[in-house]
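Presented below is the structure to which this report refers.
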Amino acid sequence: MKFTLSWLKEHLETDAPLNEILYALTDLGLEVEEVVNPMDTLAAFTVAHVQTAEKHPDADRLKVCQVETDDGVKQIVCGAPNARAGIRVVLAKPGVYVPGIDTTIGIGKIRGVESFGMMASEREMELSDEHDGIIELEGEPEVGSRFVDYLAQHSPDKIDPMIEVAITPNRPDALGVRGIARDLAARGIGVLKPEPEAEIKGAFKSDINVNIDDDVLEKGCPLFAGRLIRGVKNGPSPHWLQARLKAIGLRPISILVDITNLFTFEYNRPLHVFDADVVKGDLRVHFAQGGETLMALDDKEYTFEPGMMAISDDNGVESIAGIMGGLPSGCTNETVNVFIESAYWDPITVAATGRKLKANSDARYRFERGVDPAFTLGGLDLATAMILELCGGEASEMVVAGEVPDTTRQYPLDTDRVQSLVGMTISADEQVRTLEALGFVVDGDQVTPPTWRPDVLGPADLVEEIARVASLTKLEGVPMARSGQGVAKPILTPMQKREAMARRTVAALGYNECVTYSFIDKTSAELFGGGGDAVMLGNPISADMSHMRPSLLPGLLAAAARNQARGFADLALFEVGPVFHGGEPEEQEVLATGLLVGHTGPRDPHGARRAVDAYDAKADAEAVLSAISAPEKLMVLRGANSWWHPGRSGKLSLGPKNVLAGFGEIHPKVLKAMGVKGPAVAFAVHIAKPPFPKKKSATRAALETSDFQVVDRDFAFVVDDTVEALALLNAAKGADKALIAEASVFDQFTGDRAEAQMGVGKKSIAITVRLQPKDATLTEKDIEAVSAKIVEKVTKATGGVLRS
């Protein structure tokens, strides 16, 4: 939204400086994006007097002028045809930047004659397109005085600052200068001037009437008003109107068109003017049947789809309702009879039509956000009065179809609650004053929003209005009250502590944290067991974000693919975040997932570099589980999900059903679909599944040590080649849980040589078992007894026999 300072002051009586106004606008929520202030650009230009102007000795069109300045008489070479002795001019001294030619003036020689500055034209100073000669100042302004001071007295519109503010979609009232002035007046930056009124008494009945189809009256256009004006004289707009439109970047066209643009930006009241001599019969507002075409004012042809709103006469469609008029019925300099349209259009219908047609206009921008329905008739009267003043003519009686929609609604105002929510002391009287200054009607504890504020839809919006006018910059930090003495109790939940510990642990392992979207595309979701209707978004941001993620791996793999495309082959990425297995709250959980891609390190001469494998992922998963206080003794099971490699993956579990983590290589088909070059391994830890400790203590459990010597015993068992080493280890550990501290595999003998020695389908697994006594040193008899139990347990569990 663009406007000038003088335009604002037509609605706001204020002496506040520009900087104060700009600060207040941003603080009120109308963020200032740009300020173009000619006072700053032209501040260095001064007034000078040409004493003499002689012909240049080596150029017919140049003159050597002796110019009186505040620094004495200076010689300046000038090529302007009107350069002559006795005139007051605008001088750019050496070192002054001239915006129109994007040049900083210096001392130079022109055809061998030195020149100490430049006398400027209006185009060179970006005041207009005039470039036929240098500026000649009227009267006798003081030599050396600032040119901007001269303009302030004689042409203030040329140094009028232009302000551009960003308007959020919920503030359509600020799309008019008067709405912005109202906000500033509520803040105390001046007083809002009374809204101008005009009451036009028609001299005759309009030859053009308006009919609204019943379905449109109900859903698309509840109110349409118009007035016929005969005998207007169209042509160029007066200087003040052209200057105002040019300042905000609009091109003046004609008086009639310029008036509609003026009302669009001044009152947020879009209007349209038909050439009444082109309109045949009455106007009809209706939904299109489909297939109708219109050559619009932007010289583009639009084809209507069924359900789009249109304004038609007996010849056909004449306007895209609420968006843009048609070229055939548009006004020209020959137009003498016009019909002015002022209507209230449904924002949703206008937005839908505009998006489908890809038709953009200032009218659409405002109607789809919401204009003031109560100003429909008043705006028509004001526009009619201006047309009669500038174009002449005679106005008809107003034609009205439909009625002003009732937007009345009331919300309670709790002044005490406002103070507690905002955190500032705002008196009840000040709250009421603020709301009334913004146009709200306060009746006791009930507040009625004005018709131009469709965004106010509840008590919370009243609080917001009071807070932004009071200025949230006045909030002061106040420590929260403490009850009692000492350190406050921790407020983090056990789950929050566990998340933080998991995140810290994975980062300490050398992984880089990623934060990815919780939304992914359906294809990626299906690769990881998701993609169902229960997790599909009703209004996705884009087609690539249509489903809630069932796993953190899609985001991490996508990040890996992007990094690989940029030359980074070895990656360690992780994320801690929620995943979704359904649409209900209990179907959401938090995972800690890590991804390793490539190799363990850079190439080196020692051969230490190797490809990452499933054991790297398993070790990191175990480290995370240990950090979050999961039990130490976990089962390693097969049967991981389908996105893991079937032979190089597993699950860490407390039992067959209580899976705490998954790890392993990513399935090759998943890597191919995600565009990742392997090898790639990963782990996923279910943070909430490990049981929380029953005792809450900030200290670690006591370290248990033994004064007695440990004993290590090795065993080699011959088993079927289908027996897993884990099954053998678990059996050995179960022989005496109190005495056996740990057991591990240290050798495996397989292949043809093993079968030749032990039989077909057989292999040998060698394990070491550590015995840790707690009460007494083990005797040989004790050791033999435990060894016998181990052999018995392994034989019973695996069918293996002790290798001789």
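Naming works like this for the structure tokens: A, B, ... for the chains as they're shown, residue 1 at the start of each chain, ligands 1 onward in shown order.
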
Do you know which residues are at most 12 Å from Pro656 in chain A counting only C-alpha atoms, after dropping those on the same chain fewer than 2 positions away, and could you put them as a ChimeraX atom specification? /A:634-640,651-654,658-660

List as a short mmCIF file (atom, residue, chain, number, x, y, z; two decimals) with N, CA, C and O atoms, in the first residue's frame the protein and nucleic acid residues near His154 in chain A, meaning an atom at most 12 Å away when only C-alpha atoms are counted, but skip any in the same chain fewer than 3 places from it.
data_model
loop_
_atom_site.label_atom_id
_atom_site.label_comp_id
_atom_site.auth_asym_id
_atom_site.auth_seq_id
_atom_site.Cartn_x
_atom_site.Cartn_y
_atom_site.Cartn_z
N LEU A 137 13.84 29.46 -11.90
CA LEU A 137 13.07 29.69 -10.69
C LEU A 137 12.39 31.06 -10.75
O LEU A 137 12.99 32.06 -11.18
N GLU A 138 11.12 31.08 -10.31
CA GLU A 138 10.37 32.33 -10.30
C GLU A 138 10.81 33.19 -9.11
O GLU A 138 11.21 32.69 -8.06
N GLY A 139 10.68 34.52 -9.29
CA GLY A 139 11.04 35.43 -8.22
C GLY A 139 12.55 35.55 -8.07
O GLY A 139 13.31 35.27 -8.99
N PRO A 141 14.72 34.05 -5.33
CA PRO A 141 15.15 33.31 -4.13
C PRO A 141 16.62 33.59 -3.83
O PRO A 141 17.42 33.86 -4.72
N PHE A 147 17.33 24.37 -2.50
CA PHE A 147 16.27 24.27 -3.52
C PHE A 147 15.02 23.62 -2.93
O PHE A 147 13.90 23.96 -3.30
N VAL A 148 15.20 22.69 -1.97
CA VAL A 148 14.03 22.01 -1.40
C VAL A 148 13.19 23.01 -0.60
O VAL A 148 11.96 22.85 -0.50
N ASP A 149 13.81 24.02 -0.02
CA ASP A 149 13.03 25.04 0.69
C ASP A 149 12.20 25.85 -0.30
O ASP A 149 11.07 26.25 0.01
N TYR A 150 12.75 26.09 -1.47
CA TYR A 150 12.00 26.79 -2.52
C TYR A 150 10.80 25.95 -2.95
O TYR A 150 9.69 26.46 -3.11
N LEU A 151 11.03 24.64 -3.15
CA LEU A 151 9.94 23.76 -3.56
C LEU A 151 8.86 23.69 -2.48
O LEU A 151 7.67 23.60 -2.79
N ASP A 157 4.13 19.53 -3.67
CA ASP A 157 3.83 18.17 -4.11
C ASP A 157 5.08 17.47 -4.67
O ASP A 157 5.16 16.24 -4.67
N LYS A 158 6.06 18.25 -5.13
CA LYS A 158 7.25 17.66 -5.72
C LYS A 158 8.23 17.12 -4.67
O LYS A 158 9.15 16.37 -5.01
N ILE A 159 8.06 17.50 -3.45
CA ILE A 159 8.92 16.96 -2.38
C ILE A 159 8.10 16.20 -1.35
O ILE A 159 8.48 16.06 -0.20
#

Skipping near chain neighbours, those fewer than 5 positions away, what residues fall within 10 Å of Val64 in chain A using only C-alpha atoms, listed as a count of residues only? 17

Please provide as a ChimeraX atom specification all residues within 10 Å of Leu283 in chain A, with the sequence filter that same-chain residues fewer than 3 positions apart are discarded (counting only C-alpha atoms). /A:208-212,279-280,286,311-314,316-318
